[in-house]
Amino acid sequence: MARVDSILSILIHQGANELRLGTDREPKLLSRGMAKRLSIPSTPEETLRELLGEILDAEREEALRARGRLEVAYEAAGIGAFQVRLSTREGAGFDAVFLRQERPAPAPKPSPSPPETEAEHAAGSVLATVGPAAGATLAQLLASAGALRASDLHLADGQPPVVRVDGRLRRLSEAPVDLRALRPLTDDQESALTRGLSVDGGIEVPGAGRARLHAFRCAEGVSIALRLLPGAPPSLASLGMPVPLQELVELPHGLVVVCGATGSGKSTTLAALAQDALERRSIMLVTLEDPIEAALSAPKGSIVRRREVGRDVSDFATGLRDALREDPDVILLGEMRDPETIGLALTAAETGHLVLSSLHSRSTASAIERIVDVYPAARQQQIRVQLADSLRAVVAQRLLPRVRGTGRVPAVEVLRVTHAVAALIREGKTAQIATALQSGRRDGMISLERCLADRVRAGEIRMEDARAAANDLEGFAIYLAK
């Protein structure tokens, strides 16, 4: 046991989730990025080493000196699990950040449930064996969904709640939902629904976390889709990407696009990139999101300013114009939706900013074409030139169910814009990008089909799931045969 456990127990007692220690610095305690009172004098290097104990043994210290950064998993007896991020400072000294790893509450003991009907199986709906009772509050529904590791919660008046777990739908309980009792919407949002409008926003439920909300009217009445949002963003290392993405956050300027279908993990990857940039560099990060999703936290030496579209700023384009006057180094743009926003993002990337953004697209090549096709034919060549000069990387991703256990595995396509790729973009030859992906492994590229074949050979995903996700079945078969 490390002596730091005594301080970690204070973290738990005060409801914090992060502890920052550094040689000759005053320790800091934070709760979701907000500082909490902790009266401890600055820590001499010898004392910090004693506190860390086995966490910083001789082997890890050698690795830390060689790399300048190290991540270690640590289990504090009787307290919980922590991710420890160690980093050296220029000159002398080092820092240690303890991030508490939230664990879902254990699910209630399962009770027998009726067998799944053939119709339900065909629709991908599996009756949950456990769930909240009738009359459950919104907090209880969200907590139950979180315990099942659900990504989404679907509510409709008079119908049972449904969650999406590892890509499949299942009922959370048999009890019908009463939206009037749950009160998930504000009066203004309910008024908008009565006028035939849909409603978007973010909600925070004490004890249950945050969620992205979309409410709409349909033939069945009012329906609500809630996307459960994570607390602290995961580290890039924990995402299990087939090629390293850490180099992307070191870029001084340019555009990095993460694309994929809804629910493919785009926002999670963007948040991990942004958090890594905050920790690796001394930067001013401005985010524009709808709504704010990950709880990014800025270590000493960096600043983060998060703005929510509809609450803090009227739209993405206005927020992006504002951001250019806010001295940012990195801009996180939730989504490139329209020509004005895309144009401003390209301008920001050209004028010395690193822009991280997302796009709905199945492949890296189609992401480039989608950006170009937003504009009229007369402007498309100009946009191709701008893209060739400012685009640095495109990451297209899927999430596929694991063969064993629970959870999903990322399958990605990564395009790095080398001089050769830039020429293809400029000349409108995006069909040839597939060839560049095949030969670009040394430049940090990988095609989706190669990634899928590697995952199948490693026994991580099923053949049928890989075939369904592939863009090029012939290419996938070739990689699989190698």
# chains A, B, ... in the order shown; residues from 1 in each chain; ligands from 1
>>> residues_around(residues="region 151-154 of chain A", least_positions_apart="6", cutoff="12 Å", atoms="only C-alpha atoms", output="MDAnalysis selection string")
chainID A and resid 138:145 160:173 176:177 179 210:216 222:230 262:265 268 399 407:408
>>> write_last_selection(atoms="C-alpha atoms", output="compact mmCIF listing (two decimals), in the first residue's frame")
# COMPACT_ATOMS: atom_id res chain seq x y z
CA LEU A 138 -35.75 9.85 -14.14
CA ALA A 139 -32.70 9.51 -11.87
CA GLN A 140 -33.54 5.85 -11.22
CA LEU A 141 -34.03 5.14 -14.93
CA LEU A 142 -30.70 6.75 -15.81
CA ALA A 143 -28.92 4.97 -12.95
CA SER A 144 -30.34 1.60 -14.09
CA ALA A 145 -29.28 2.33 -17.68
CA PRO A 160 -41.69 0.58 -21.29
CA PRO A 161 -38.25 2.23 -21.25
CA VAL A 162 -35.71 0.82 -23.71
CA VAL A 163 -31.89 1.00 -23.55
CA ARG A 164 -29.17 0.31 -26.09
CA VAL A 165 -26.37 -1.89 -24.73
CA ASP A 166 -23.41 -2.80 -26.96
CA GLY A 167 -25.44 -1.75 -29.99
CA ARG A 168 -28.55 -3.85 -29.21
CA LEU A 169 -31.90 -2.65 -27.85
CA ARG A 170 -33.37 -4.18 -24.73
CA ARG A 171 -36.20 -3.24 -22.40
CA LEU A 172 -35.11 -1.73 -19.13
CA SER A 173 -38.34 -2.86 -17.41
CA PRO A 176 -44.72 1.90 -18.76
CA VAL A 177 -43.27 5.41 -18.56
CA LEU A 179 -43.44 11.43 -18.95
CA ARG A 210 -25.44 13.87 -17.50
CA ALA A 211 -27.23 13.06 -20.73
CA ARG A 212 -27.86 14.56 -24.13
CA LEU A 213 -31.61 14.89 -24.78
CA HIS A 214 -33.64 14.93 -27.97
CA ALA A 215 -37.44 15.12 -27.65
CA PHE A 216 -39.92 14.89 -30.52
CA VAL A 222 -43.98 12.35 -27.19
CA SER A 223 -40.72 10.39 -27.40
CA ILE A 224 -37.34 11.19 -25.85
CA ALA A 225 -33.90 9.83 -26.75
CA LEU A 226 -31.25 10.28 -24.06
CA ARG A 227 -27.56 9.69 -24.81
CA LEU A 228 -25.72 8.93 -21.57
CA LEU A 229 -22.58 11.06 -21.32
CA PRO A 230 -19.34 10.09 -19.60
CA THR A 262 -24.25 8.04 -34.78
CA GLY A 263 -23.11 6.03 -31.76
CA SER A 264 -19.71 5.12 -33.24
CA GLY A 265 -17.76 6.87 -30.47
CA THR A 268 -15.45 10.04 -27.01
CA LEU A 399 -17.80 0.09 -32.70
CA GLY A 407 -18.38 -4.01 -24.45
CA ARG A 408 -17.36 -3.10 -27.99
>>> residues_around(residues="His360 (chain A)", least_positions_apart="4", cutoff="12 Å", atoms="only C-alpha atoms", output="count of residues only")
27
>>> closest_atom_pairs(of="region 253-356 of chain A", to="region 14-28 of chain A", cutoff="10 Å", atoms="only C-alpha atoms", output="Markdown table")
| residue | atom | partner | partner_atom | distance |
| --- | --- | --- | --- | --- |
| A:Ser297 | CA | A:Glu18 | CA | 9.8 |
| A:Pro299 | CA | A:Arg20 | CA | 8.5 |
| A:Lys300 | CA | A:Arg20 | CA | 9.5 |
>>> write_last_selection(atoms="N, CA and C atoms", output="PDB file, in the first residue's frame")
ATOM      1  N   SER A 297     -10.926  18.715 -18.099  1.00  0.00           N
ATOM      2  CA  SER A 297     -10.302  19.454 -17.006  1.00  0.00           C
ATOM      3  C   SER A 297      -8.912  19.898 -17.433  1.00  0.00           C
ATOM      4  N   PRO A 299      -5.143  20.896 -16.591  1.00  0.00           N
ATOM      5  CA  PRO A 299      -4.081  20.892 -15.584  1.00  0.00           C
ATOM      6  C   PRO A 299      -3.395  22.260 -15.546  1.00  0.00           C
ATOM      7  N   LYS A 300      -2.529  22.454 -14.568  1.00  0.00           N
ATOM      8  CA  LYS A 300      -1.825  23.722 -14.453  1.00  0.00           C
ATOM      9  C   LYS A 300      -1.032  23.975 -15.726  1.00  0.00           C
TER      10      LYS A 300
END
>>> closest_residue(among="A:Leu193, A:Ala470, A:Ala92, A:Val385", to="Arg362 (chain A)", atoms="only C-alpha atoms")
A:Ala470
>>> residues_around(residues="region 447-451 of chain A", least_positions_apart="5", cutoff="6 Å", atoms="only C-alpha atoms", output="MDAnalysis selection string")
chainID A and resid 412:413 437 470 476 479
>>> write_last_selection(atoms="C-alpha atoms", output="PDB file, in the first residue's frame")
ATOM      1  CA  VAL A 412     -10.963   2.519 -37.442  1.00  0.00           C
ATOM      2  CA  GLU A 413      -9.590   3.910 -40.657  1.00  0.00           C
ATOM      3  CA  LEU A 437      -4.118   4.026 -47.122  1.00  0.00           C
ATOM      4  CA  ALA A 470     -16.443  -3.274 -44.137  1.00  0.00           C
ATOM      5  CA  PHE A 476     -11.267  -7.234 -46.486  1.00  0.00           C
ATOM      6  CA  TYR A 479      -6.260  -8.665 -45.877  1.00  0.00           C
TER       7      TYR A 479
END
>>> residues_around(residues="region 317-327 of chain A", least_positions_apart="6", cutoff="12 Å", atoms="only C-alpha atoms", output="PyMOL selection string")
chain A and resi 283-290+303-311+333-355+357
>>> select_by_dssp(residues="region 262-365 of chain A", states="strand (DSSP E)", output="ChimeraX atom specification")
/A:284-289,303-308,330-333,354-359
>>> write_last_selection(atoms="C-alpha atoms", output="short mmCIF file (atom, residue, chain, number, x, y, z; two decimals), in the first residue's frame")
data_model
loop_
_atom_site.label_atom_id
_atom_site.label_comp_id
_atom_site.auth_asym_id
_atom_site.auth_seq_id
_atom_site.Cartn_x
_atom_site.Cartn_y
_atom_site.Cartn_z
CA MET A 284 -5.97 27.56 -24.39
CA LEU A 285 -8.76 25.18 -25.48
CA VAL A 286 -12.16 26.50 -26.57
CA THR A 287 -14.98 24.01 -27.13
CA LEU A 288 -18.26 24.52 -29.03
CA GLU A 289 -20.68 21.67 -28.33
CA ILE A 303 -6.99 26.73 -19.87
CA VAL A 304 -10.29 25.29 -21.06
CA ARG A 305 -13.38 27.32 -21.98
CA ARG A 306 -16.49 25.27 -22.81
CA ARG A 307 -19.44 26.86 -24.64
CA GLU A 308 -22.79 25.21 -25.28
CA VAL A 330 -6.95 24.35 -29.91
CA ILE A 331 -10.65 24.52 -30.87
CA LEU A 332 -12.97 21.55 -30.30
CA LEU A 333 -15.92 21.92 -32.68
CA LEU A 354 -5.53 23.13 -34.23
CA VAL A 355 -9.20 22.35 -34.91
CA LEU A 356 -10.73 19.05 -33.76
CA SER A 357 -14.17 18.28 -35.17
CA SER A 358 -16.59 15.50 -36.13
CA LEU A 359 -18.56 14.61 -39.23
#
>>> closest_residue(among="A:Val199, A:Cys218, A:Leu391, A:Ala420", to="Asp187 (chain A)", atoms="only C-alpha atoms")
A:Val199
>>> closest_atom_pairs(of="region 188-256 of chain A", to="region 69-78 of chain A", cutoff="12 Å", atoms="only C-alpha atoms", output="tab-separated table")
residue	atom	partner	partner_atom	distance
A:Ser235	CA	A:Glu71	CA	9.2
A:Leu236	CA	A:Glu71	CA	10.8
A:Ala237	CA	A:Glu71	CA	8.8
A:Ser238	CA	A:Glu71	CA	10.1
A:Gln246	CA	A:Arg69	CA	12.0
>>> atom_distance(atom1="CA of Asp188 (chain A)", atom2="CA of Gly201 (chain A)")
11.8 Å
>>> select_by_dssp(residues="region 271-315 of chain A", states="alpha helix (DSSP H)", output="list in words")
Ala271, Ala272, Leu273, Ala274, Gln275, Asp276, Ala277, Leu278, Glu279 and Arg280 of chain A
>>> write_last_selection(atoms="C-alpha atoms", output="PDB file, in the first residue's frame")
ATOM      1  CA  ALA A 271     -12.806  14.316 -25.927  1.00  0.00           C
ATOM      2  CA  ALA A 272      -9.811  12.009 -25.402  1.00  0.00           C
ATOM      3  CA  LEU A 273      -7.804  13.980 -27.995  1.00  0.00           C
ATOM      4  CA  ALA A 274      -8.731  17.298 -26.341  1.00  0.00           C
ATOM      5  CA  GLN A 275      -7.883  16.077 -22.816  1.00  0.00           C
ATOM      6  CA  ASP A 276      -4.557  14.700 -24.027  1.00  0.00           C
ATOM      7  CA  ALA A 277      -3.764  18.056 -25.658  1.00  0.00           C
ATOM      8  CA  LEU A 278      -4.512  19.865 -22.382  1.00  0.00           C
ATOM      9  CA  GLU A 279      -2.136  17.591 -20.490  1.00  0.00           C
ATOM     10  CA  ARG A 280       0.690  17.352 -23.024  1.00  0.00           C
TER      11      ARG A 280
END
>>> closest_residue(among="A:Ala365, A:Ala232, A:Val403, A:Gly80", to="Thr435 (chain A)", atoms="only C-alpha atoms")
A:Ala365
>>> closest_residue(among="A:Ile203, A:Ala423, A:Leu197, A:Ile292", to="Pro184 (chain A)", atoms="only C-alpha atoms")
A:Ile203
>>> residues_around(residues="Thr88 (chain A)", least_positions_apart="2", cutoff="7 Å", atoms="only C-alpha atoms", output="MDAnalysis selection string")
chainID A and resid 68:69 90 93:95
>>> atom_distance(atom1="CA of Leu245 (chain A)", atom2="CA of Ser439 (chain A)")
18.2 Å
